[in-house]
$ cat protein11.txt   # compact mmCIF, N, CA and C atoms and all ligand atoms
# COMPACT_ATOMS: atom_id res chain seq x y z
N MET A 1 -46.54 -91.23 -112.25
CA MET A 1 -46.73 -91.68 -113.63
C MET A 1 -46.70 -93.22 -113.69
N LYS A 2 -47.67 -93.80 -114.41
CA LYS A 2 -47.78 -95.27 -114.45
C LYS A 2 -46.58 -95.91 -115.18
N LYS A 3 -46.11 -97.01 -114.63
CA LYS A 3 -44.96 -97.68 -115.25
C LYS A 3 -45.38 -98.34 -116.57
N HIS A 4 -44.60 -98.14 -117.59
CA HIS A 4 -44.90 -98.71 -118.90
C HIS A 4 -43.85 -99.77 -119.23
N PRO A 5 -44.28 -100.93 -119.76
CA PRO A 5 -43.30 -102.00 -120.00
C PRO A 5 -42.19 -101.63 -121.00
N LYS A 6 -42.48 -100.74 -121.94
CA LYS A 6 -41.46 -100.44 -122.96
C LYS A 6 -40.74 -99.12 -122.74
N LEU A 7 -41.38 -98.21 -122.01
CA LEU A 7 -40.74 -96.90 -121.81
C LEU A 7 -39.74 -96.97 -120.68
N LYS A 8 -38.49 -96.74 -121.00
CA LYS A 8 -37.45 -96.78 -119.97
C LYS A 8 -37.39 -95.44 -119.23
N ASN A 9 -37.91 -94.40 -119.88
CA ASN A 9 -37.90 -93.08 -119.25
C ASN A 9 -39.23 -92.36 -119.53
N PRO A 10 -40.29 -92.72 -118.79
CA PRO A 10 -41.61 -92.10 -119.04
C PRO A 10 -41.61 -90.59 -118.81
N GLU A 11 -40.69 -90.08 -118.02
CA GLU A 11 -40.62 -88.63 -117.78
C GLU A 11 -40.32 -87.85 -119.06
N ALA A 12 -39.71 -88.55 -120.03
CA ALA A 12 -39.36 -87.90 -121.30
C ALA A 12 -40.61 -87.40 -122.03
N CYS A 13 -41.76 -88.04 -121.76
CA CYS A 13 -43.00 -87.63 -122.43
C CYS A 13 -43.33 -86.17 -122.15
N ARG A 14 -42.93 -85.68 -120.99
CA ARG A 14 -43.23 -84.30 -120.60
C ARG A 14 -42.62 -83.26 -121.53
N THR A 15 -41.48 -83.63 -122.14
CA THR A 15 -40.82 -82.67 -123.04
C THR A 15 -40.83 -83.16 -124.48
N CYS A 16 -41.49 -84.27 -124.74
CA CYS A 16 -41.47 -84.85 -126.08
C CYS A 16 -42.81 -84.63 -126.81
N ALA A 17 -43.79 -85.40 -126.44
CA ALA A 17 -45.14 -85.32 -127.04
C ALA A 17 -45.17 -85.61 -128.54
N ALA A 18 -44.11 -86.26 -129.04
CA ALA A 18 -44.07 -86.54 -130.49
C ALA A 18 -45.27 -87.36 -130.94
N CYS A 19 -45.68 -88.35 -130.13
CA CYS A 19 -46.78 -89.22 -130.54
C CYS A 19 -48.14 -88.55 -130.38
N CYS A 20 -48.16 -87.36 -129.77
CA CYS A 20 -49.41 -86.59 -129.67
C CYS A 20 -49.47 -85.52 -130.76
N LYS A 21 -48.32 -85.26 -131.39
CA LYS A 21 -48.27 -84.26 -132.46
C LYS A 21 -48.34 -84.93 -133.83
N GLN A 22 -47.95 -86.18 -133.87
CA GLN A 22 -48.06 -86.96 -135.09
C GLN A 22 -48.68 -88.30 -134.72
N PHE A 23 -49.45 -88.85 -135.63
CA PHE A 23 -50.07 -90.14 -135.35
C PHE A 23 -49.69 -91.11 -136.47
N PRO A 24 -48.70 -91.96 -136.21
CA PRO A 24 -48.31 -92.92 -137.23
C PRO A 24 -49.10 -94.21 -137.11
N PHE A 25 -49.52 -94.75 -138.22
CA PHE A 25 -50.09 -96.09 -138.19
C PHE A 25 -49.70 -96.81 -139.49
N TYR A 26 -49.93 -98.11 -139.50
CA TYR A 26 -49.40 -98.94 -140.59
C TYR A 26 -50.53 -99.69 -141.27
N ASP A 27 -50.39 -99.86 -142.59
CA ASP A 27 -51.41 -100.58 -143.34
C ASP A 27 -50.74 -101.26 -144.53
N HIS A 28 -51.26 -102.43 -144.93
CA HIS A 28 -50.63 -103.13 -146.05
C HIS A 28 -51.34 -102.90 -147.38
N ASN A 29 -52.28 -102.01 -147.41
CA ASN A 29 -52.95 -101.57 -148.64
C ASN A 29 -53.73 -102.67 -149.35
N ASP A 30 -54.07 -103.72 -148.64
CA ASP A 30 -54.84 -104.81 -149.26
C ASP A 30 -56.17 -104.34 -149.82
N ASP A 31 -56.81 -103.42 -149.10
CA ASP A 31 -58.11 -102.94 -149.56
C ASP A 31 -58.01 -101.57 -150.23
N GLY A 32 -56.78 -101.11 -150.51
CA GLY A 32 -56.60 -99.84 -151.20
C GLY A 32 -56.68 -98.62 -150.30
N LEU A 33 -56.60 -98.83 -148.99
CA LEU A 33 -56.66 -97.68 -148.08
C LEU A 33 -55.53 -96.70 -148.35
N VAL A 34 -54.34 -97.22 -148.56
CA VAL A 34 -53.18 -96.34 -148.80
C VAL A 34 -53.36 -95.58 -150.10
N ASP A 35 -53.83 -96.27 -151.15
CA ASP A 35 -54.09 -95.60 -152.44
C ASP A 35 -55.10 -94.48 -152.27
N ARG A 36 -56.11 -94.75 -151.47
CA ARG A 36 -57.17 -93.74 -151.24
C ARG A 36 -56.62 -92.54 -150.48
N ILE A 37 -55.81 -92.80 -149.49
CA ILE A 37 -55.24 -91.71 -148.68
C ILE A 37 -54.32 -90.84 -149.55
N LYS A 38 -53.59 -91.48 -150.46
CA LYS A 38 -52.66 -90.73 -151.32
C LYS A 38 -53.39 -89.71 -152.20
N LEU A 39 -54.67 -89.93 -152.43
CA LEU A 39 -55.45 -89.01 -153.26
C LEU A 39 -55.90 -87.76 -152.51
N LEU A 40 -55.72 -87.75 -151.20
CA LEU A 40 -56.16 -86.59 -150.43
C LEU A 40 -55.22 -85.41 -150.68
N LYS A 41 -55.81 -84.24 -150.88
CA LYS A 41 -55.01 -83.05 -151.14
C LYS A 41 -54.63 -82.40 -149.82
N THR A 42 -53.57 -82.88 -149.23
CA THR A 42 -53.12 -82.30 -147.96
C THR A 42 -51.65 -82.60 -147.76
N ASP A 43 -50.95 -81.70 -147.09
CA ASP A 43 -49.57 -82.02 -146.71
C ASP A 43 -49.51 -82.46 -145.25
N LYS A 44 -50.68 -82.70 -144.67
CA LYS A 44 -50.76 -83.12 -143.27
C LYS A 44 -50.76 -84.64 -143.12
N ILE A 45 -50.72 -85.35 -144.23
CA ILE A 45 -50.66 -86.80 -144.17
C ILE A 45 -49.48 -87.27 -145.02
N ILE A 46 -48.59 -88.00 -144.38
CA ILE A 46 -47.41 -88.50 -145.08
C ILE A 46 -47.57 -90.00 -145.28
N VAL A 47 -47.38 -90.46 -146.50
CA VAL A 47 -47.47 -91.90 -146.78
C VAL A 47 -46.13 -92.36 -147.33
N GLU A 48 -45.57 -93.37 -146.72
CA GLU A 48 -44.29 -93.88 -147.21
C GLU A 48 -44.19 -95.38 -146.98
N GLU A 49 -43.32 -96.02 -147.77
CA GLU A 49 -43.08 -97.45 -147.53
C GLU A 49 -42.23 -97.58 -146.29
N SER A 50 -42.57 -98.52 -145.44
CA SER A 50 -41.77 -98.70 -144.23
C SER A 50 -40.87 -99.92 -144.40
N ASP A 51 -39.98 -100.11 -143.45
CA ASP A 51 -39.13 -101.31 -143.44
C ASP A 51 -39.84 -102.44 -142.70
N PHE A 52 -41.06 -102.16 -142.30
CA PHE A 52 -41.80 -103.05 -141.43
C PHE A 52 -42.71 -103.95 -142.27
N ALA A 53 -42.82 -105.22 -141.89
CA ALA A 53 -43.68 -106.14 -142.63
C ALA A 53 -44.52 -106.96 -141.65
N THR A 54 -45.64 -107.48 -142.13
CA THR A 54 -46.44 -108.36 -141.29
C THR A 54 -45.73 -109.71 -141.17
N GLN A 55 -46.21 -110.56 -140.28
CA GLN A 55 -45.55 -111.85 -140.10
C GLN A 55 -45.56 -112.69 -141.37
N ASP A 56 -46.58 -112.49 -142.23
CA ASP A 56 -46.61 -113.26 -143.47
C ASP A 56 -45.89 -112.51 -144.61
N GLY A 57 -45.08 -111.54 -144.27
CA GLY A 57 -44.18 -110.92 -145.24
C GLY A 57 -44.75 -109.77 -146.06
N LYS A 58 -45.94 -109.29 -145.72
CA LYS A 58 -46.52 -108.18 -146.50
C LYS A 58 -45.87 -106.87 -146.05
N ARG A 59 -45.31 -106.14 -147.02
CA ARG A 59 -44.69 -104.85 -146.72
C ARG A 59 -45.75 -103.86 -146.23
N LEU A 60 -45.44 -103.15 -145.18
CA LEU A 60 -46.40 -102.19 -144.64
C LEU A 60 -46.05 -100.77 -145.06
N PHE A 61 -47.08 -100.01 -145.32
CA PHE A 61 -46.90 -98.58 -145.54
C PHE A 61 -47.09 -97.87 -144.21
N ARG A 62 -46.32 -96.83 -144.04
CA ARG A 62 -46.51 -96.01 -142.85
C ARG A 62 -47.30 -94.77 -143.24
N ILE A 63 -48.37 -94.53 -142.52
CA ILE A 63 -49.19 -93.34 -142.75
C ILE A 63 -49.02 -92.48 -141.51
N VAL A 64 -48.57 -91.27 -141.69
CA VAL A 64 -48.37 -90.38 -140.54
C VAL A 64 -49.32 -89.20 -140.66
N LEU A 65 -50.21 -89.08 -139.69
CA LEU A 65 -51.08 -87.90 -139.64
C LEU A 65 -50.31 -86.82 -138.89
N ASP A 66 -49.92 -85.80 -139.59
CA ASP A 66 -49.10 -84.74 -139.02
C ASP A 66 -50.00 -83.65 -138.41
N ILE A 67 -50.77 -84.07 -137.42
CA ILE A 67 -51.81 -83.21 -136.84
C ILE A 67 -51.76 -83.39 -135.31
N THR A 68 -51.72 -82.30 -134.59
CA THR A 68 -51.62 -82.37 -133.13
C THR A 68 -52.97 -82.71 -132.51
N CYS A 69 -52.92 -83.60 -131.53
CA CYS A 69 -54.14 -83.99 -130.81
C CYS A 69 -54.72 -82.80 -130.04
N SER A 70 -56.02 -82.67 -130.06
CA SER A 70 -56.66 -81.53 -129.39
C SER A 70 -56.57 -81.62 -127.87
N ALA A 71 -56.22 -82.80 -127.35
CA ALA A 71 -56.12 -82.96 -125.88
C ALA A 71 -54.72 -82.63 -125.37
N LEU A 72 -53.79 -82.33 -126.27
CA LEU A 72 -52.42 -82.02 -125.82
C LEU A 72 -52.33 -80.57 -125.36
N LYS A 73 -51.81 -80.39 -124.16
CA LYS A 73 -51.65 -79.04 -123.60
C LYS A 73 -50.19 -78.82 -123.23
N PHE A 74 -49.79 -77.57 -123.15
CA PHE A 74 -48.41 -77.22 -122.81
C PHE A 74 -48.45 -76.13 -121.75
N LYS A 75 -47.84 -76.40 -120.62
CA LYS A 75 -47.88 -75.43 -119.53
C LYS A 75 -46.58 -75.50 -118.75
N ASN A 76 -46.03 -74.35 -118.40
CA ASN A 76 -44.79 -74.26 -117.63
C ASN A 76 -43.67 -75.14 -118.22
N GLY A 77 -43.57 -75.12 -119.53
CA GLY A 77 -42.48 -75.83 -120.20
C GLY A 77 -42.69 -77.34 -120.32
N LYS A 78 -43.89 -77.82 -119.96
CA LYS A 78 -44.13 -79.27 -120.04
C LYS A 78 -45.44 -79.56 -120.75
N TYR A 79 -45.43 -80.70 -121.42
CA TYR A 79 -46.65 -81.16 -122.08
C TYR A 79 -47.47 -81.99 -121.10
N TYR A 80 -48.75 -81.93 -121.27
CA TYR A 80 -49.61 -82.87 -120.55
C TYR A 80 -50.86 -83.17 -121.35
N CYS A 81 -51.47 -84.32 -121.02
CA CYS A 81 -52.67 -84.75 -121.72
C CYS A 81 -53.89 -84.36 -120.89
N LYS A 82 -54.76 -83.61 -121.47
CA LYS A 82 -55.97 -83.14 -120.79
C LYS A 82 -56.85 -84.31 -120.34
N LEU A 83 -56.69 -85.45 -121.02
CA LEU A 83 -57.55 -86.61 -120.72
C LEU A 83 -56.88 -87.63 -119.81
N TYR A 84 -55.66 -87.32 -119.36
CA TYR A 84 -54.91 -88.29 -118.55
C TYR A 84 -55.74 -88.73 -117.34
N GLY A 85 -55.87 -90.04 -117.16
CA GLY A 85 -56.62 -90.57 -116.01
C GLY A 85 -58.14 -90.61 -116.23
N LYS A 86 -58.58 -90.12 -117.37
CA LYS A 86 -60.04 -90.13 -117.64
C LYS A 86 -60.40 -91.29 -118.55
N LYS A 87 -61.65 -91.72 -118.45
CA LYS A 87 -62.12 -92.84 -119.28
C LYS A 87 -62.09 -92.50 -120.76
N SER A 88 -62.23 -91.23 -121.07
CA SER A 88 -62.29 -90.82 -122.48
C SER A 88 -60.92 -90.81 -123.15
N ARG A 89 -59.86 -91.04 -122.37
CA ARG A 89 -58.53 -91.11 -123.01
C ARG A 89 -58.44 -92.42 -123.79
N PRO A 90 -58.09 -92.34 -125.08
CA PRO A 90 -58.01 -93.58 -125.87
C PRO A 90 -57.07 -94.60 -125.24
N ARG A 91 -57.49 -95.84 -125.23
CA ARG A 91 -56.67 -96.89 -124.61
C ARG A 91 -55.29 -96.98 -125.26
N MET A 92 -55.26 -96.75 -126.56
CA MET A 92 -53.97 -96.86 -127.25
C MET A 92 -52.97 -95.82 -126.74
N CYS A 93 -53.46 -94.72 -126.17
CA CYS A 93 -52.55 -93.72 -125.62
C CYS A 93 -51.87 -94.22 -124.36
N SER A 94 -52.61 -94.93 -123.50
CA SER A 94 -51.97 -95.42 -122.28
C SER A 94 -51.06 -96.62 -122.56
N GLU A 95 -51.32 -97.32 -123.66
CA GLU A 95 -50.50 -98.50 -123.95
C GLU A 95 -49.34 -98.18 -124.90
N TYR A 96 -49.35 -96.99 -125.45
CA TYR A 96 -48.34 -96.62 -126.44
C TYR A 96 -46.97 -96.47 -125.79
N PRO A 97 -45.87 -96.88 -126.39
CA PRO A 97 -45.79 -97.59 -127.65
C PRO A 97 -45.95 -99.10 -127.47
N TYR A 98 -46.87 -99.68 -128.23
CA TYR A 98 -47.10 -101.13 -128.14
C TYR A 98 -46.24 -101.88 -129.14
N GLU A 99 -45.80 -101.20 -130.21
CA GLU A 99 -44.85 -101.78 -131.16
C GLU A 99 -43.70 -100.78 -131.28
N ILE A 100 -42.50 -101.28 -131.40
CA ILE A 100 -41.38 -100.38 -131.62
C ILE A 100 -41.00 -100.48 -133.10
N THR A 101 -41.41 -99.48 -133.85
CA THR A 101 -41.12 -99.46 -135.29
C THR A 101 -40.06 -98.40 -135.53
N ASP A 102 -39.72 -98.21 -136.82
CA ASP A 102 -38.71 -97.19 -137.12
C ASP A 102 -39.16 -95.79 -136.68
N TRP A 103 -40.48 -95.52 -136.69
CA TRP A 103 -40.95 -94.20 -136.26
C TRP A 103 -40.63 -93.99 -134.77
N GLU A 104 -40.94 -94.98 -133.97
CA GLU A 104 -40.67 -94.86 -132.53
C GLU A 104 -39.17 -94.75 -132.27
N ARG A 105 -38.38 -95.56 -132.99
CA ARG A 105 -36.93 -95.51 -132.77
C ARG A 105 -36.39 -94.10 -133.07
N LYS A 106 -37.00 -93.43 -134.03
CA LYS A 106 -36.53 -92.10 -134.41
C LYS A 106 -37.06 -91.01 -133.45
N HIS A 107 -38.33 -91.14 -133.03
CA HIS A 107 -38.97 -90.02 -132.32
C HIS A 107 -39.16 -90.20 -130.81
N CYS A 108 -39.28 -91.42 -130.35
CA CYS A 108 -39.69 -91.62 -128.96
C CYS A 108 -38.49 -91.52 -128.01
N LYS A 109 -38.41 -90.40 -127.31
CA LYS A 109 -37.29 -90.17 -126.38
C LYS A 109 -37.36 -91.11 -125.18
N GLY A 110 -38.56 -91.56 -124.86
CA GLY A 110 -38.76 -92.38 -123.66
C GLY A 110 -38.21 -93.81 -123.78
N LEU A 111 -37.81 -94.21 -124.97
CA LEU A 111 -37.28 -95.57 -125.12
C LEU A 111 -35.86 -95.69 -124.57
N LYS A 112 -35.20 -94.55 -124.47
CA LYS A 112 -33.83 -94.58 -123.95
C LYS A 112 -33.84 -94.28 -122.46
N PRO A 113 -33.01 -94.99 -121.69
CA PRO A 113 -32.99 -94.73 -120.25
C PRO A 113 -32.57 -93.29 -119.95
N ARG A 114 -33.04 -92.80 -118.83
CA ARG A 114 -32.73 -91.43 -118.42
C ARG A 114 -31.24 -91.32 -118.11
N LYS A 115 -30.67 -90.21 -118.59
CA LYS A 115 -29.23 -90.02 -118.30
C LYS A 115 -29.08 -89.62 -116.83
N ALA A 116 -28.09 -90.21 -116.18
CA ALA A 116 -27.89 -89.93 -114.75
C ALA A 116 -27.31 -88.55 -114.54
S1 LIG B 1 -43.06 -90.43 -128.49
FE1 LIG B 1 -42.47 -91.65 -126.67
S2 LIG B 1 -41.43 -90.20 -125.27
FE2 LIG B 1 -42.54 -89.02 -126.82
S3 LIG B 1 -44.50 -88.59 -125.80
FE3 LIG B 1 -44.79 -90.44 -127.03
S4 LIG B 1 -44.39 -92.14 -125.64
FE4 LIG B 1 -43.58 -90.29 -124.69
S1 LIG B 2 -55.34 -88.16 -125.95
FE1 LIG B 2 -53.62 -87.43 -124.75
S2 LIG B 2 -52.04 -89.00 -124.88
FE2 LIG B 2 -53.55 -89.38 -126.51
S3 LIG B 2 -52.68 -88.34 -128.31
FE3 LIG B 2 -54.06 -86.92 -127.29
S4 LIG B 2 -52.76 -85.72 -125.92
FE4 LIG B 2 -51.64 -87.53 -126.51
$ encode --input "protein11.txt" --output "structure tokens"
Amino acid sequence: MKKHPKLKNPEACRTCAACCKQFPFYDHNDDGLVDRIKLLKTDKIIVEESDFATQDGKRLFRIVLDITCSALKFKNGKYYCKLYGKKSRPRMCSEYPYEITDWERKHCKGLKPRKA
């Protein structure tokens, strides 16, 4: 498994897959994207104010797509990505987590070192 600068325990991904089951992203609603998303009739998208702000102080909304990625597979008690090592795997997946926000602090098991 490739070494990641922020993941202290990349092996945790095998039993976690939180970032493949939910997709959180952040927006400051300058162009009304958040307002538009709130109008969608679905319980698969969660919109909330985050504690996170841009460098110029704009409060960010967290939008969480509560939808599992179609490339996520589960076999013999472990998760794996069907696209791992392929060009078609989104770059953001290999670089994730690139920011540590409150979502990652809550869900990402790999941020904590492996217990001995
Ligand atoms: S949330 Fe963190 S530990 Fe879980 S699969 Fe994603 S990168 Fe790995
Ligand atoms: S492409 Fe792979 S790593 Fe990326 S979200 Fe889907 S299952 Fe997870």
$ residues_around --input "protein11.txt" --residues "stretch 11-15 of chain A" --least-positions-apart "4" --cutoff "6.5 Å" --atoms "all atoms listed in the file" --output "VMD selection string"
chain A and resid 77 to 80 109 to 110
$ closest_atom_pairs --input "protein11.txt" --of "chain A" --to "ligand LIG 2 (chain B)" --cutoff "8 Å" --atoms "all atoms listed in the file" --output "JSON lines"
{"residue": "A:Ala17", "atom": "CA", "partner": "B:LIG2", "partner_atom": "FE4", "distance": 6.9}
{"residue": "A:Ala18", "atom": "C", "partner": "B:LIG2", "partner_atom": "FE4", "distance": 7.8}
{"residue": "A:Cys19", "atom": "C", "partner": "B:LIG2", "partner_atom": "S3", "distance": 5.0}
{"residue": "A:Cys20", "atom": "CA", "partner": "B:LIG2", "partner_atom": "S3", "distance": 4.0}
{"residue": "A:Lys21", "atom": "N", "partner": "B:LIG2", "partner_atom": "S3", "distance": 6.2}
{"residue": "A:Gln22", "atom": "C", "partner": "B:LIG2", "partner_atom": "S3", "distance": 7.6}
{"residue": "A:Phe23", "atom": "CA", "partner": "B:LIG2", "partner_atom": "S3", "distance": 7.7}
{"residue": "A:Thr68", "atom": "C", "partner": "B:LIG2", "partner_atom": "FE3", "distance": 6.8}
{"residue": "A:Cys69", "atom": "CA", "partner": "B:LIG2", "partner_atom": "FE3", "distance": 4.6}
{"residue": "A:Ser70", "atom": "N", "partner": "B:LIG2", "partner_atom": "FE3", "distance": 5.4}
{"residue": "A:Ala71", "atom": "C", "partner": "B:LIG2", "partner_atom": "S4", "distance": 3.7}
{"residue": "A:Leu72", "atom": "N", "partner": "B:LIG2", "partner_atom": "S4", "distance": 3.6}
{"residue": "A:Lys73", "atom": "N", "partner": "B:LIG2", "partner_atom": "S4", "distance": 5.7}
{"residue": "A:Tyr80", "atom": "C", "partner": "B:LIG2", "partner_atom": "S4", "distance": 5.6}
{"residue": "A:Cys81", "atom": "CA", "partner": "B:LIG2", "partner_atom": "FE1", "distance": 4.2}
{"residue": "A:Lys82", "atom": "N", "partner": "B:LIG2", "partner_atom": "FE1", "distance": 5.2}
{"residue": "A:Leu83", "atom": "N", "partner": "B:LIG2", "partner_atom": "FE1", "distance": 5.2}
{"residue": "A:Tyr84", "atom": "N", "partner": "B:LIG2", "partner_atom": "FE1", "distance": 5.8}
{"residue": "A:Ser88", "atom": "C", "partner": "B:LIG2", "partner_atom": "S1", "distance": 6.8}
{"residue": "A:Arg89", "atom": "CA", "partner": "B:LIG2", "partner_atom": "S1", "distance": 5.2}
{"residue": "A:Pro90", "atom": "N", "partner": "B:LIG2", "partner_atom": "S1", "distance": 5.1}
{"residue": "A:Arg91", "atom": "N", "partner": "B:LIG2", "partner_atom": "FE2", "distance": 7.7}
{"residue": "A:Met92", "atom": "C", "partner": "B:LIG2", "partner_atom": "FE2", "distance": 6.5}
{"residue": "A:Cys93", "atom": "CA", "partner": "B:LIG2", "partner_atom": "FE2", "distance": 4.5}
{"residue": "A:Ser94", "atom": "N", "partner": "B:LIG2", "partner_atom": "S2", "distance": 6.1}
$ closest_residue --input "protein11.txt" --among "A:Asp35, A:Lys112, A:Cys16, A:Arg105" --to "ligand LIG 1 (chain B)" --atoms "only C-alpha atoms and all ligand atoms"
A:Cys16
$ select_by_dssp --input "protein11.txt" --residues "stretch 17-115 of chain A" --states "strand (DSSP E)" --output "JSON, numbers by chain"
{"A": [23, 24, 25, 26, 27, 45, 46, 47, 48, 49, 50, 51, 52, 53, 59, 60, 61, 62, 63, 64, 65, 72, 73, 74, 75, 78, 79, 80, 81]}
$ select_by_dssp --input "protein11.txt" --residues "chain A" --states "helix (DSSP H, G or I)" --output "PyMOL selection string"
chain A and resi 10-15+18-21+33-38+91-95+102-107+109-111
$ closest_residue --input "protein11.txt" --among "A:Ile45, A:Leu60, A:Leu40, A:Leu7" --to "ligand LIG 1 (chain B)" --atoms "only N, CA and C atoms and all ligand atoms"
A:Leu7
$ closest_residue --input "protein11.txt" --among "A:Tyr98, A:Phe25, A:Asp51, A:Lys86" --to "A:Ile63" --atoms "all atoms listed in the file"
A:Phe25
$ atom_distance --input "protein11.txt" --atom1 "atom CA of A:Gln55" --atom2 "atom CA of A:His28"
11.7 Å
$ decode --input "protein11.txt" --residues "stretch 24-42 of chain A" --atoms "N, CA and C atoms" --output "PDB file, in the first residue's frame"
ATOM      1  N   PRO A  24     -17.882  13.863   1.313  1.00  0.00           N
ATOM      2  CA  PRO A  24     -18.060  15.217   1.820  1.00  0.00           C
ATOM      3  C   PRO A  24     -17.286  16.233   1.000  1.00  0.00           C
ATOM      4  N   PHE A  25     -17.888  17.354   0.729  1.00  0.00           N
ATOM      5  CA  PHE A  25     -17.141  18.444   0.125  1.00  0.00           C
ATOM      6  C   PHE A  25     -17.677  19.771   0.686  1.00  0.00           C
ATOM      7  N   TYR A  26     -16.936  20.830   0.430  1.00  0.00           N
ATOM      8  CA  TYR A  26     -17.226  22.106   1.095  1.00  0.00           C
ATOM      9  C   TYR A  26     -17.453  23.196   0.055  1.00  0.00           C
ATOM     10  N   ASP A  27     -18.371  24.103   0.381  1.00  0.00           N
ATOM     11  CA  ASP A  27     -18.664  25.200  -0.534  1.00  0.00           C
ATOM     12  C   ASP A  27     -19.105  26.408   0.288  1.00  0.00           C
ATOM     13  N   HIS A  28     -18.784  27.618  -0.196  1.00  0.00           N
ATOM     14  CA  HIS A  28     -19.161  28.809   0.571  1.00  0.00           C
ATOM     15  C   HIS A  28     -20.441  29.464   0.061  1.00  0.00           C
ATOM     16  N   ASN A  29     -21.123  28.841  -0.843  1.00  0.00           N
ATOM     17  CA  ASN A  29     -22.442  29.266  -1.315  1.00  0.00           C
ATOM     18  C   ASN A  29     -22.439  30.625  -2.005  1.00  0.00           C
ATOM     19  N   ASP A  30     -21.293  31.068  -2.475  1.00  0.00           N
ATOM     20  CA  ASP A  30     -21.220  32.361  -3.164  1.00  0.00           C
ATOM     21  C   ASP A  30     -22.126  32.409  -4.394  1.00  0.00           C
ATOM     22  N   ASP A  31     -22.188  31.291  -5.104  1.00  0.00           N
ATOM     23  CA  ASP A  31     -23.008  31.272  -6.320  1.00  0.00           C
ATOM     24  C   ASP A  31     -24.352  30.570  -6.089  1.00  0.00           C
ATOM     25  N   GLY A  32     -24.683  30.288  -4.822  1.00  0.00           N
ATOM     26  CA  GLY A  32     -25.974  29.673  -4.516  1.00  0.00           C
ATOM     27  C   GLY A  32     -26.008  28.170  -4.698  1.00  0.00           C
ATOM     28  N   LEU A  33     -24.833  27.543  -4.814  1.00  0.00           N
ATOM     29  CA  LEU A  33     -24.816  26.086  -4.981  1.00  0.00           C
ATOM     30  C   LEU A  33     -25.477  25.381  -3.794  1.00  0.00           C
ATOM     31  N   VAL A  34     -25.173  25.847  -2.599  1.00  0.00           N
ATOM     32  CA  VAL A  34     -25.739  25.209  -1.403  1.00  0.00           C
ATOM     33  C   VAL A  34     -27.255  25.391  -1.375  1.00  0.00           C
ATOM     34  N   ASP A  35     -27.727  26.604  -1.699  1.00  0.00           N
ATOM     35  CA  ASP A  35     -29.180  26.857  -1.750  1.00  0.00           C
ATOM     36  C   ASP A  35     -29.850  25.931  -2.755  1.00  0.00           C
ATOM     37  N   ARG A  36     -29.184  25.736  -3.877  1.00  0.00           N
ATOM     38  CA  ARG A  36     -29.750  24.873  -4.933  1.00  0.00           C
ATOM     39  C   ARG A  36     -29.805  23.417  -4.471  1.00  0.00           C
ATOM     40  N   ILE A  37     -28.756  22.973  -3.818  1.00  0.00           N
ATOM     41  CA  ILE A  37     -28.708  21.583  -3.343  1.00  0.00           C
ATOM     42  C   ILE A  37     -29.787  21.344  -2.290  1.00  0.00           C
ATOM     43  N   LYS A  38     -30.029  22.346  -1.450  1.00  0.00           N
ATOM     44  CA  LYS A  38     -31.045  22.201  -0.393  1.00  0.00           C
ATOM     45  C   LYS A  38     -32.441  21.963  -0.964  1.00  0.00           C
ATOM     46  N   LEU A  39     -32.652  22.364  -2.202  1.00  0.00           N
ATOM     47  CA  LEU A  39     -33.964  22.182  -2.827  1.00  0.00           C
ATOM     48  C   LEU A  39     -34.190  20.767  -3.351  1.00  0.00           C
ATOM     49  N   LEU A  40     -33.136  19.967  -3.368  1.00  0.00           N
ATOM     50  CA  LEU A  40     -33.280  18.606  -3.888  1.00  0.00           C
ATOM     51  C   LEU A  40     -34.069  17.749  -2.895  1.00  0.00           C
ATOM     52  N   LYS A  41     -35.008  16.972  -3.423  1.00  0.00           N
ATOM     53  CA  LYS A  41     -35.824  16.129  -2.559  1.00  0.00           C
ATOM     54  C   LYS A  41     -35.128  14.793  -2.363  1.00  0.00           C
ATOM     55  N   THR A  42     -34.233  14.746  -1.412  1.00  0.00           N
ATOM     56  CA  THR A  42     -33.529  13.493  -1.138  1.00  0.00           C
ATOM     57  C   THR A  42     -32.996  13.513   0.281  1.00  0.00           C
TER      58      THR A  42
END
